[in-house]
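Participant: Just one file: final25.cif, with mmCIF, C-alpha atoms and all ligand atoms.
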```cif
data_final
#
loop_
_atom_site.label_atom_id
_atom_site.label_comp_id
_atom_site.auth_asym_id
_atom_site.auth_seq_id
_atom_site.Cartn_x
_atom_site.Cartn_y
_atom_site.Cartn_z
CA MET A 9 169.16 84.80 -91.46
CA ASN A 10 170.08 85.83 -87.97
CA ALA A 11 168.23 86.68 -84.85
CA ALA A 12 169.20 90.30 -84.77
CA ALA A 13 167.84 90.93 -88.23
CA HIS A 14 164.39 90.00 -87.01
CA ALA A 15 164.48 91.48 -83.58
CA PRO A 16 162.73 94.76 -83.03
CA SER A 17 164.43 96.74 -80.32
CA LYS A 18 164.79 94.35 -77.42
CA HIS A 19 163.22 96.53 -74.83
CA ALA A 20 161.09 98.72 -77.02
CA PRO A 21 158.08 100.15 -75.23
CA SER A 22 154.68 98.86 -76.15
CA LYS A 23 153.29 100.61 -79.22
CA SER A 24 149.60 99.96 -78.87
CA ALA A 25 148.58 102.89 -80.99
CA SER A 26 151.10 102.37 -83.77
CA VAL A 27 150.77 98.83 -85.10
CA GLU A 28 151.38 99.28 -88.81
CA PRO A 29 148.61 98.59 -91.30
CA ALA A 30 148.88 95.11 -92.74
CA PRO A 31 152.05 94.51 -94.75
CA VAL A 32 150.75 91.29 -96.22
CA ARG A 33 153.90 90.65 -98.22
CA PRO A 34 156.65 88.70 -96.52
CA ALA A 35 159.47 90.72 -95.03
CA ARG A 36 161.81 88.11 -96.48
CA ALA A 37 160.56 84.90 -97.98
CA TRP A 38 162.77 81.89 -97.45
CA ARG A 39 164.96 80.98 -100.43
CA PRO A 40 166.46 77.56 -99.80
CA ARG A 41 170.01 77.16 -101.06
CA ARG A 42 169.21 73.62 -102.10
CA VAL A 43 166.00 71.93 -103.28
CA LEU A 44 166.09 68.14 -103.33
CA VAL A 45 163.40 66.31 -105.30
CA THR A 46 162.75 62.60 -104.95
CA PRO A 47 161.46 60.53 -107.88
CA ALA A 48 158.39 59.54 -105.85
CA ALA A 49 157.47 63.18 -105.27
CA LEU A 50 157.30 63.75 -109.01
CA GLU A 51 154.65 61.03 -109.35
CA HIS A 52 152.25 63.44 -107.64
CA ALA A 53 150.75 66.53 -109.28
CA HIS A 54 151.47 68.53 -106.13
CA GLY A 55 155.09 67.42 -106.18
CA ARG A 56 155.40 68.62 -109.75
CA ALA A 57 153.67 71.89 -108.83
CA MET A 58 156.14 72.50 -105.99
CA LEU A 59 159.04 71.75 -108.31
CA ALA A 60 157.62 74.26 -110.80
CA ARG A 61 157.49 76.89 -108.03
CA ALA A 62 161.13 76.22 -107.13
CA GLU A 63 162.24 76.44 -110.75
CA HIS A 64 160.20 79.59 -111.29
CA LEU A 65 162.02 81.16 -108.34
CA GLY A 66 165.35 80.13 -109.84
CA LEU A 67 166.28 77.92 -106.90
CA PRO A 68 168.99 75.29 -107.37
CA VAL A 69 167.14 71.99 -107.82
CA GLU A 70 168.71 68.54 -107.49
CA ARG A 71 166.68 65.63 -108.82
CA LEU A 72 167.62 62.61 -106.74
CA ALA A 73 167.96 59.12 -108.16
CA ALA A 74 166.38 57.47 -105.09
CA ASN A 75 163.72 58.37 -102.57
CA ARG A 76 165.88 58.38 -99.45
CA LEU A 77 167.57 61.58 -98.35
CA THR A 78 171.16 60.70 -97.53
CA GLY A 79 174.41 62.46 -96.72
CA LEU A 80 172.78 65.13 -94.57
CA ARG A 81 174.54 64.49 -91.29
CA GLY A 82 178.20 65.31 -91.97
CA ALA A 83 181.03 65.33 -89.43
CA ASP A 84 180.43 68.86 -88.17
CA PRO A 85 177.01 69.14 -86.49
CA ARG A 86 176.92 72.95 -86.70
CA ARG A 87 177.56 72.82 -90.42
CA ALA A 88 175.04 70.00 -90.87
CA TYR A 89 172.48 72.11 -89.02
CA ALA A 90 173.15 75.18 -91.18
CA GLU A 91 172.99 73.20 -94.41
CA ALA A 92 169.85 71.38 -93.37
CA LYS A 93 168.12 74.65 -92.47
CA ALA A 94 168.90 75.89 -95.98
CA THR A 95 167.51 72.77 -97.67
CA LEU A 96 164.00 72.02 -98.89
CA ALA A 97 163.21 68.44 -99.85
CA LEU A 98 160.15 67.49 -101.89
CA VAL A 99 159.22 64.01 -100.73
CA VAL A 100 156.26 61.70 -100.23
CA ALA A 101 154.99 61.46 -96.65
CA PRO A 102 155.42 57.96 -95.26
CA PRO A 103 152.27 55.89 -94.63
CA THR A 104 152.55 56.50 -90.86
CA LYS A 105 151.65 60.12 -91.54
CA LEU A 106 148.19 58.98 -92.60
CA ARG A 107 147.49 57.50 -89.16
CA LEU A 108 146.60 60.64 -87.27
CA GLN A 109 147.60 61.24 -83.67
CA PRO A 110 145.62 63.17 -81.04
CA ILE A 111 147.13 66.52 -80.12
CA PRO A 112 145.80 67.72 -76.76
CA PRO A 113 145.20 70.38 -75.60
CA SER A 114 145.12 72.11 -78.99
CA ALA A 115 142.99 69.96 -81.25
CA ASP A 116 141.48 66.57 -81.92
CA TRP A 117 144.04 65.50 -84.48
CA ARG A 118 147.31 66.57 -85.98
CA PHE A 119 148.22 66.10 -89.59
CA ASP A 120 151.27 67.20 -91.48
CA LEU A 121 151.69 69.07 -94.75
CA ALA A 122 155.43 69.24 -94.18
CA GLU A 123 158.05 68.66 -91.53
CA GLY A 124 160.70 71.18 -90.54
CA CYS A 125 160.97 74.96 -90.65
CA PRO A 126 163.57 77.33 -92.05
CA ALA A 127 163.55 79.74 -89.09
CA HIS A 128 166.03 79.67 -86.21
CA CYS A 129 164.15 80.00 -82.95
CA GLN A 130 166.33 79.21 -79.99
CA TYR A 131 163.34 77.74 -78.18
CA CYS A 132 161.98 75.88 -81.18
CA TYR A 133 159.52 73.24 -80.09
CA LEU A 134 160.62 71.06 -83.00
CA ALA A 135 163.89 70.35 -81.20
CA GLY A 136 162.11 67.81 -79.07
CA SER A 137 160.32 66.09 -81.89
CA LEU A 138 162.40 66.06 -85.07
CA SER A 139 165.22 63.62 -85.46
CA GLY A 140 168.33 64.24 -87.52
CA PRO A 141 169.37 67.42 -89.32
CA PRO A 142 166.39 69.79 -89.67
CA VAL A 143 165.81 69.67 -93.42
CA THR A 144 162.37 71.00 -94.35
CA ARG A 145 160.45 68.23 -96.07
CA ALA A 146 157.33 69.22 -98.00
CA TYR A 147 154.92 66.43 -98.81
CA ALA A 148 153.94 65.80 -102.40
CA ASN A 149 151.06 63.39 -101.70
CA LEU A 150 148.86 66.25 -100.60
CA ASP A 151 145.66 64.81 -102.08
CA ALA A 152 146.03 61.62 -100.04
CA ILE A 153 146.85 63.63 -96.90
CA LEU A 154 143.73 65.78 -97.25
CA ASP A 155 141.40 62.97 -98.38
CA ASN A 156 142.50 60.96 -95.35
CA LEU A 157 141.03 63.49 -92.91
CA ALA A 158 137.41 62.54 -93.61
CA GLY A 159 137.88 59.28 -91.72
CA TYR A 160 138.35 61.24 -88.48
CA LEU A 161 135.23 63.41 -88.71
CA GLY A 162 133.33 63.47 -85.43
CA GLN A 163 136.07 61.65 -83.56
CA GLY A 164 138.57 63.01 -81.11
CA ALA A 165 138.97 63.87 -77.46
CA ILE A 166 139.34 67.65 -77.49
CA THR A 167 136.92 69.80 -79.45
CA SER A 168 134.82 66.80 -80.42
CA ALA A 169 134.38 65.87 -76.76
CA GLN A 170 134.45 69.14 -74.80
CA ALA A 171 131.22 71.12 -74.53
CA ALA A 172 133.16 74.37 -74.18
CA ARG A 173 134.82 73.94 -77.56
CA ALA A 174 132.15 71.95 -79.38
CA ARG A 175 131.42 74.80 -81.78
CA GLU A 176 134.88 74.34 -83.28
CA GLY A 177 133.85 70.95 -84.67
CA THR A 178 136.42 68.26 -85.34
CA THR A 179 139.75 70.08 -85.30
CA PHE A 180 142.84 69.28 -87.30
CA GLU A 181 146.15 70.88 -86.32
CA ALA A 182 148.65 71.39 -89.16
CA SER A 183 151.58 73.04 -87.41
CA CYS A 184 152.95 70.45 -85.02
CA TYR A 185 155.99 69.68 -87.16
CA THR A 186 156.30 72.74 -89.34
CA ASP A 187 155.33 76.35 -89.80
CA PRO A 188 153.14 75.96 -92.88
CA LEU A 189 152.95 79.69 -93.64
CA GLY A 190 156.75 80.07 -93.61
CA ILE A 191 157.06 77.76 -96.60
CA GLU A 192 153.76 78.48 -98.33
CA HIS A 193 155.36 80.46 -101.17
CA LEU A 194 157.30 77.30 -102.03
CA THR A 195 154.57 74.71 -101.51
CA GLY A 196 151.04 76.09 -101.91
CA SER A 197 150.01 73.30 -99.52
CA LEU A 198 148.45 75.56 -96.94
CA SER A 199 146.21 77.29 -99.48
CA ALA A 200 145.11 73.88 -100.76
CA ALA A 201 144.28 72.79 -97.21
CA ILE A 202 142.31 75.98 -96.52
CA ARG A 203 140.32 75.48 -99.72
CA HIS A 204 139.76 71.82 -98.79
CA PHE A 205 138.30 72.75 -95.41
CA GLY A 206 136.34 75.61 -96.94
CA ALA A 207 134.62 73.20 -99.30
CA TRP A 208 134.13 70.51 -96.62
CA GLU A 209 130.49 70.94 -95.61
CA ALA A 210 130.85 69.56 -92.09
CA PRO A 211 131.65 70.83 -88.59
CA VAL A 212 135.42 70.82 -89.04
CA GLN A 213 138.26 73.26 -88.51
CA LEU A 214 141.77 73.51 -89.83
CA ARG A 215 144.13 75.05 -87.29
CA PHE A 216 147.69 76.18 -87.61
CA THR A 217 150.12 78.42 -85.80
CA THR A 218 152.73 80.62 -87.43
CA LYS A 219 155.56 83.02 -86.70
CA PHE A 220 155.38 84.34 -90.26
CA SER A 221 153.24 87.02 -91.86
CA ALA A 222 152.99 86.46 -95.63
CA VAL A 223 149.24 86.04 -95.59
CA ALA A 224 148.43 87.82 -98.88
CA PRO A 225 147.82 84.56 -100.82
CA LEU A 226 145.37 83.42 -98.14
CA LEU A 227 143.16 86.47 -97.88
CA GLU A 228 140.92 85.77 -100.85
CA LEU A 229 140.57 82.00 -100.40
CA ALA A 230 137.11 80.46 -99.88
CA HIS A 231 137.87 79.55 -96.27
CA ASN A 232 134.26 79.62 -95.04
CA ARG A 233 135.56 80.36 -91.56
CA ARG A 234 136.74 76.78 -91.22
CA THR A 235 140.39 77.72 -90.73
CA ARG A 236 141.76 79.33 -87.61
CA ILE A 237 145.16 80.94 -88.03
CA ARG A 238 146.94 81.56 -84.76
CA PHE A 239 149.95 83.79 -84.54
CA SER A 240 152.70 82.62 -82.26
CA VAL A 241 153.82 85.70 -80.38
CA ASN A 242 155.89 86.60 -77.37
CA ALA A 243 156.91 89.58 -75.27
CA ARG A 244 159.21 91.90 -77.22
CA ALA A 245 162.11 91.08 -74.92
CA ALA A 246 162.00 87.51 -76.28
CA ALA A 247 162.48 88.62 -79.88
CA ARG A 248 166.19 87.87 -79.76
CA TYR A 249 165.35 84.19 -79.51
CA GLU A 250 163.46 84.21 -82.82
CA GLY A 251 165.73 84.26 -85.86
CA GLY A 252 164.36 84.16 -89.38
CA THR A 253 160.73 84.81 -88.46
CA ALA A 254 158.54 87.78 -89.28
CA SER A 255 158.76 90.54 -86.71
CA LEU A 256 156.12 90.78 -84.02
CA ASP A 257 154.56 93.85 -85.65
CA GLU A 258 154.38 92.04 -88.99
CA ARG A 259 152.66 89.09 -87.34
CA LEU A 260 150.15 91.26 -85.53
CA SER A 261 149.39 93.19 -88.71
CA ALA A 262 148.92 89.90 -90.57
CA MET A 263 146.56 88.77 -87.83
CA GLY A 264 144.49 91.91 -88.34
CA ALA A 265 144.43 91.34 -92.11
CA MET A 266 143.30 87.72 -91.70
CA ALA A 267 140.61 88.69 -89.18
CA ARG A 268 139.34 91.36 -91.58
CA ALA A 269 139.22 88.69 -94.29
CA GLY A 270 136.81 86.80 -92.04
CA TYR A 271 139.13 84.14 -90.70
CA PRO A 272 138.88 83.01 -87.10
CA VAL A 273 142.21 84.01 -85.59
CA GLY A 274 144.15 83.34 -82.44
CA LEU A 275 147.10 84.26 -80.33
CA THR A 276 149.44 81.50 -79.32
CA ILE A 277 151.45 83.23 -76.62
CA ALA A 278 154.48 81.00 -76.41
CA PRO A 279 156.76 80.15 -74.92
CA ILE A 280 155.97 82.33 -71.93
CA LEU A 281 159.21 83.24 -70.15
CA PRO A 282 159.99 85.41 -67.12
CA VAL A 283 162.05 87.78 -69.25
CA PRO A 284 163.05 91.05 -67.53
CA GLY A 285 159.90 93.10 -66.95
CA TRP A 286 157.74 90.19 -68.04
CA GLN A 287 154.49 91.50 -66.54
CA GLU A 288 154.61 94.69 -68.58
CA GLY A 289 156.14 92.85 -71.54
CA TYR A 290 153.19 90.51 -71.88
CA ALA A 291 150.66 93.22 -71.04
CA GLY A 292 152.15 95.33 -73.85
CA LEU A 293 151.96 92.41 -76.25
CA ILE A 294 148.27 91.98 -75.48
CA ARG A 295 147.60 95.70 -75.92
CA ASP A 296 149.38 95.60 -79.27
CA ALA A 297 147.29 92.61 -80.35
CA ALA A 298 144.14 94.46 -79.33
CA ALA A 299 145.22 97.46 -81.41
CA ALA A 300 145.82 95.22 -84.43
CA LEU A 301 142.30 93.78 -84.12
CA ALA A 302 140.46 97.00 -83.34
CA GLY A 303 137.22 97.34 -85.28
CA VAL A 304 137.25 93.84 -86.80
CA PRO A 305 133.62 92.84 -87.44
CA ASP A 306 132.51 89.41 -86.15
CA LEU A 307 135.87 88.82 -84.53
CA ASP A 308 136.39 85.17 -83.57
CA LEU A 309 139.50 85.19 -81.39
CA THR A 310 141.12 82.61 -79.15
CA ALA A 311 144.21 82.63 -76.97
CA GLU A 312 146.45 79.72 -76.08
CA LEU A 313 148.94 80.28 -73.31
CA ILE A 314 151.99 78.03 -73.26
CA THR A 315 154.81 78.36 -70.76
CA HIS A 316 158.34 77.41 -71.60
CA ARG A 317 159.44 73.90 -70.81
CA PHE A 318 162.19 71.63 -71.96
CA THR A 319 163.18 68.00 -71.83
CA PRO A 320 166.69 66.58 -71.51
CA GLY A 321 166.50 65.69 -75.19
CA SER A 322 165.27 69.07 -76.43
CA LYS A 323 167.89 70.86 -74.29
CA GLN A 324 170.66 68.79 -75.82
CA VAL A 325 169.44 69.44 -79.36
CA LEU A 326 168.96 73.18 -78.81
CA GLN A 327 172.38 73.60 -77.19
CA GLY A 328 173.86 71.84 -80.21
CA TRP A 329 171.97 74.09 -82.62
CA TYR A 330 172.45 77.36 -80.68
CA PRO A 331 175.54 77.03 -78.47
CA GLY A 332 175.70 80.78 -77.74
CA SER A 333 172.11 81.12 -76.62
CA ASP A 334 171.28 82.60 -73.22
CA LEU A 335 167.87 80.93 -73.18
CA PRO A 336 167.35 79.82 -69.56
CA LEU A 337 167.70 76.03 -69.52
CA ASP A 338 168.89 75.47 -65.96
CA GLU A 339 167.25 72.43 -64.40
CA ALA A 340 167.92 73.81 -60.91
CA ALA A 341 165.58 76.73 -61.57
CA ARG A 342 162.76 74.46 -62.72
CA THR A 343 160.36 71.88 -61.41
CA ARG A 344 160.89 68.38 -62.73
CA LYS A 345 157.74 66.66 -63.94
CA LEU A 346 156.92 63.37 -65.53
CA THR A 347 154.79 63.40 -68.65
CA LYS A 348 151.99 60.91 -68.99
CA PHE A 349 154.32 58.88 -71.16
CA GLY A 350 156.85 58.69 -68.32
CA SER A 351 159.42 61.07 -69.80
CA VAL A 352 160.91 64.01 -67.91
CA LYS A 353 160.15 67.68 -68.56
CA TYR A 354 161.25 70.81 -66.74
CA VAL A 355 158.66 73.53 -66.13
CA PHE A 356 158.66 76.71 -64.07
CA PRO A 357 158.06 76.38 -60.32
CA LYS A 358 154.46 76.49 -59.18
CA ASP A 359 154.52 80.00 -57.65
CA LEU A 360 156.00 81.54 -60.78
CA MET A 361 153.55 79.62 -62.97
CA GLN A 362 150.67 80.93 -60.89
CA ALA A 363 151.94 84.52 -61.02
CA MET A 364 152.40 84.39 -64.79
CA ARG A 365 149.01 82.82 -65.31
CA GLU A 366 147.23 85.44 -63.21
CA SER A 367 149.09 88.28 -64.89
CA LEU A 368 148.44 87.16 -68.47
CA THR A 369 144.83 86.16 -68.00
CA ALA A 370 144.13 89.45 -66.20
CA ALA A 371 145.73 91.40 -69.06
CA LEU A 372 143.64 89.51 -71.59
CA ALA A 373 140.44 90.09 -69.63
CA ARG A 374 141.25 93.79 -69.32
CA ASP A 375 142.60 94.65 -72.77
CA LEU A 376 141.41 91.89 -75.08
CA PRO A 377 138.19 90.57 -73.61
CA ALA A 378 137.10 89.15 -76.97
CA ALA A 379 139.74 86.42 -76.62
CA ARG A 380 138.51 83.05 -75.45
CA VAL A 381 141.35 81.44 -73.53
CA LEU A 382 141.47 77.82 -74.66
CA TYR A 383 144.09 76.59 -72.23
CA TRP A 384 147.08 77.42 -70.10
CA THR A 385 149.88 74.93 -69.99
S1 LIG B 1 159.04 79.43 -86.44
FE1 LIG B 1 158.31 77.77 -85.09
S2 LIG B 1 158.87 75.87 -86.10
FE2 LIG B 1 160.08 77.53 -87.06
S3 LIG B 1 162.05 77.56 -85.94
FE3 LIG B 1 160.64 79.03 -84.93
S4 LIG B 1 159.64 77.86 -83.28
FE4 LIG B 1 160.57 76.37 -84.70
#
```
Now that the file is in, can you turn its structure into structure tokens?
Ligand code: SF4
Facilitator:
Amino acid sequence: MNAAAHAPSKHAPSKSASVEPAPVRPARAWRPRRVLVTPAALEHAHGRAMLARAEHLGLPVERLAANRLTGLRGADPRRAYAEAKATLALVVAPPTKLRLQPIPPSADWRFDLAEGCPAHCQYCYLAGSLSGPPVTRAYANLDAILDNLAGYLGQGAITSAQAARAREGTTFEASCYTDPLGIEHLTGSLSAAIRHFGAWEAPVQLRFTTKFSAVAPLLELAHNRRTRIRFSVNARAAARYEGGTASLDERLSAMGAMARAGYPVGLTIAPILPVPGWQEGYAGLIRDAAAALAGVPDLDLTAELITHRFTPGSKQVLQGWYPGSDLPLDEAARTRKLTKFGSVKYVFPKDLMQAMRESLTAALARDLPAARVLYWT
């Protein structure tokens, strides 16, 4: 997969009137070159089901003798990266994954169905959080992961505590460490989670963000409007940074299909960058999203606006993964900030932040007034 294959024309004009009707099949579903299966994963019905999917697809499966994944690093980091990105491992999530962490400002809690993603985004947010080669690990102990959520009902500091978002209930974010839709054809985990929340008679919401579009298996699920799918989108000029994802038009069409299937939907506009012509670029994106959602009955739409930032650690990882990238990562052009945990991050200067915020929120108010803006960061 390469960036160009997924990039619509870099500076294509906005096509508000011509967003294609929903192509709910994936443009290209990921086919890992290697599927590793641990013995522990096969002790779980979901692990065996994922293995059956891999075998059905004719993928090369290696049954490991032990539960640790070893030998992934290699001497050449570029090669290790490429091999890891082509590898799916079926494993059991460690016990720490069952102690949920808060995830402000998005949701009360994050939980993980998997870790890692097969796409190649040069600004991937996982660069700052994953350690080691980016193998995609899908968790076999799905029942335990989903059953564990009940212990967090009614707790949390975001939607459970904020009057403005109280109607969302207790929220659980499933895309902090993976893109669950990008691997759904191999795991089925996302569908299981949607069904779990659909059957959970309580004020709860499953949330996830995706840069993929293969939503066909989700459309008929009994979601009971307790899952919000947000599509991670950017100005068209940023498409060259997104390798291996669905195209923007595919994502917007998938958003329309999900909204018409009754799902709450959202736009995660991220990471916002001052690409050439950014004002019109983001305004065009918002017009295209509005076109994709035109006529949806009972539309429940949110927008999350996330500017680009990096840390010394994420910059180092991304420059190792994508040495030829022209993604702007110059500290001198940024404002240095300390996170509440005392680590350093680089954000855009205040004046630029303000200009981008005003421009995007004005475009949303003008062209997509149905969108409730949850936060700007
Ligand atoms: S789709 Fe998301 S998780 Fe996957 S590589 Fe791109 S930014 Fe990272």
Participant: As a quick test: using all atoms listed in the file, which residues lie no more than 9 Å away from ligand LIG 1 (chain B)? Give them as number ranges by chain.
Facilitator: A: 124-135, 183-188, 190, 217-220, 240, 249-254
Participant: What does the structure give for the distance between CA of Thr319 (chain A) and CA of Ser333 (chain A), in Å to one decimal?
Facilitator: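 Calculated distance between CA of Thr319 (chain A) and CA of Ser333 (chain A) is 16.6 Å.
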Participant: Report as CSV: every residue of region 161-254 of chain A with an atom at most 7 Å from region 32-52 of chain A, its closest pair of atoms, and their distance in Å to one decimal, counting all atoms listed in the file, with rows sorted by chain and ascending residue number.
Facilitator:
```
residue,atom,partner,partner_atom,distance
A:Ser221,CA,A:Pro34,CA,6.0
A:Ala222,CA,A:Pro34,CA,4.4
A:Val223,CA,A:Val32,CA,5.5
A:Ala224,CA,A:Val32,CA,4.9
A:Ala254,CA,A:Ala35,CA,6.5
```
Participant: How many Å lie between CA of Ser114 (chain A) and CA of His54 (chain A), rounded to one decimal?
Facilitator: 28.1 Å
Participant: Could you jot down the CA of Asp306 (chain A) to CA of Leu260 (chain A) separation for me, Å, one decimal place?
Facilitator: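 Taking CA of Asp306 (chain A) and CA of Leu260 (chain A), their separation equals 17.7 Å.
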Participant: Please report, as CSV, each residue of region 185-281 of chain A lying at most 12 Å from region 339-362 of chain A, together with the nearest pair of atoms and the separation in Å rounded to one decimal; use all atoms listed in the file, and order rows by chain and ascending residue number.
Facilitator:
```
residue,atom,partner,partner_atom,distance
A:Pro279,CA,A:Val355,CA,11.2
A:Ile280,CA,A:Met361,CA,9.7
A:Leu281,CA,A:Phe356,CA,8.9
```
Participant: For each of A:Leu198, A:Ala73, A:Ala370, A:Ile166, take the minimum atom-to-atom distance to Ala115 (chain A), counting all atoms listed in the file, then give the residue where this is smallest.
Facilitator: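 Among the listed residues, A:Ile166 lies closest to Ala115 (chain A).
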Participant: Enclose region 74-90 of chain A, meaning all of its atoms listed in the file, in a box aligned along x, y and z, pad it by 5 Å on each side, and list the centre and edge lengths in Å to one decimal, as lines of an AutoDock Vina configuration file.
Facilitator:
```
center_x = 172.4
center_y = 66.3
center_z = -95.8
size_x = 27.3
size_y = 27.7
size_z = 28.6
```
Participant: So that I can see what lies close to Ala298 (chain A), please list as a PyMOL selection string the residues with an atom at most 7 Å from it, counting all atoms listed in the file and leaving out residues fewer than 4 positions away in the same chain.
Facilitator: chain A and resi 294+302+375-376
Participant: I'd like the neighbourhood of region 83-90 of chain A as a ChimeraX atom specification, where a residue qualifies if any of its atoms comes within 8 Å (using only C-alpha atoms), though same-chain residues fewer than 4 positions away should be ignored.
Facilitator: /A:94,141-142,328-329
Participant: Just write the chosen residues, C-alpha atoms, as a compact mmCIF listing (two decimals), in the frame of the given file.
Facilitator:
```txt
# COMPACT_ATOMS: atom_id res chain seq x y z
CA ALA A 94 168.90 75.89 -95.98
CA PRO A 141 169.37 67.42 -89.32
CA PRO A 142 166.39 69.79 -89.67
CA GLY A 328 173.86 71.84 -80.21
CA TRP A 329 171.97 74.09 -82.62
```
Participant: Is it possible to get the residues within 9 Å of (172.4, 65.2, -94.5) (coordinates as in the file, counting all atoms listed in the file) written as an mmCIF file with C-alpha atoms, in the coordinates of the input?
Facilitator:
```cif
data_model
loop_
_atom_site.group_PDB
_atom_site.id
_atom_site.type_symbol
_atom_site.label_atom_id
_atom_site.label_comp_id
_atom_site.auth_asym_id
_atom_site.auth_seq_id
_atom_site.Cartn_x
_atom_site.Cartn_y
_atom_site.Cartn_z
ATOM 1 C CA LEU A 77 167.570 61.580 -98.350
ATOM 2 C CA THR A 78 171.160 60.700 -97.530
ATOM 3 C CA GLY A 79 174.410 62.460 -96.720
ATOM 4 C CA LEU A 80 172.780 65.130 -94.570
ATOM 5 C CA ARG A 81 174.540 64.490 -91.290
ATOM 6 C CA GLY A 82 178.200 65.310 -91.970
ATOM 7 C CA ALA A 88 175.040 70.000 -90.870
ATOM 8 C CA TYR A 89 172.480 72.110 -89.020
ATOM 9 C CA GLU A 91 172.990 73.200 -94.410
ATOM 10 C CA ALA A 92 169.850 71.380 -93.370
ATOM 11 C CA GLY A 140 168.330 64.240 -87.520
ATOM 12 C CA PRO A 141 169.370 67.420 -89.320
ATOM 13 C CA PRO A 142 166.390 69.790 -89.670
ATOM 14 C CA VAL A 143 165.810 69.670 -93.420
#
```
Participant: Tell me which protein, DNA and RNA residues are within 12 Å of Arg374 (chain A), counting all atoms listed in the file, leaving out same-chain ones fewer than 6 positions away, and put them as a list in words.
Facilitator: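 Close residues of Arg374 (chain A): Ala291, Gly292, Ile294, Arg295, Ala298, Glu366, Ser367 and Leu368 of chain A.
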Participant: Using all atoms listed in the file for the distances, tell me which of A:Leu293, A:Ile314, A:Ala200, A:Val283 is nearest to Asp334 (chain A).
Facilitator: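 Result for the nearest residue to Asp334 (chain A): A:Val283.
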Participant: From the set A:Ala267, A:Val325, A:Leu335, A:Leu301, which residue has the shortest atom-to-atom contact distance to Arg248 (chain A), counting only C-alpha atoms?
Facilitator: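 Closest candidate: A:Leu335.
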Participant: For Thr276 (chain A), which of A:Leu382, A:Ala246, A:Leu161, A:Leu150 is the closest residue, counting all atoms listed in the file?
Facilitator: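 When distances to Thr276 (chain A) are compared using all atoms listed in the file, the smallest one comes from A:Leu382.
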Participant: Enumerate, as a PyMOL selection string, the protein, DNA and RNA residues whose atoms approach (168.4, 71.2, -111.4) to within 12 Å, taking into account all atoms listed in the file and the coordinate frame of the file.
Facilitator: chain A and resi 42-45+59-60+62-64+66-72
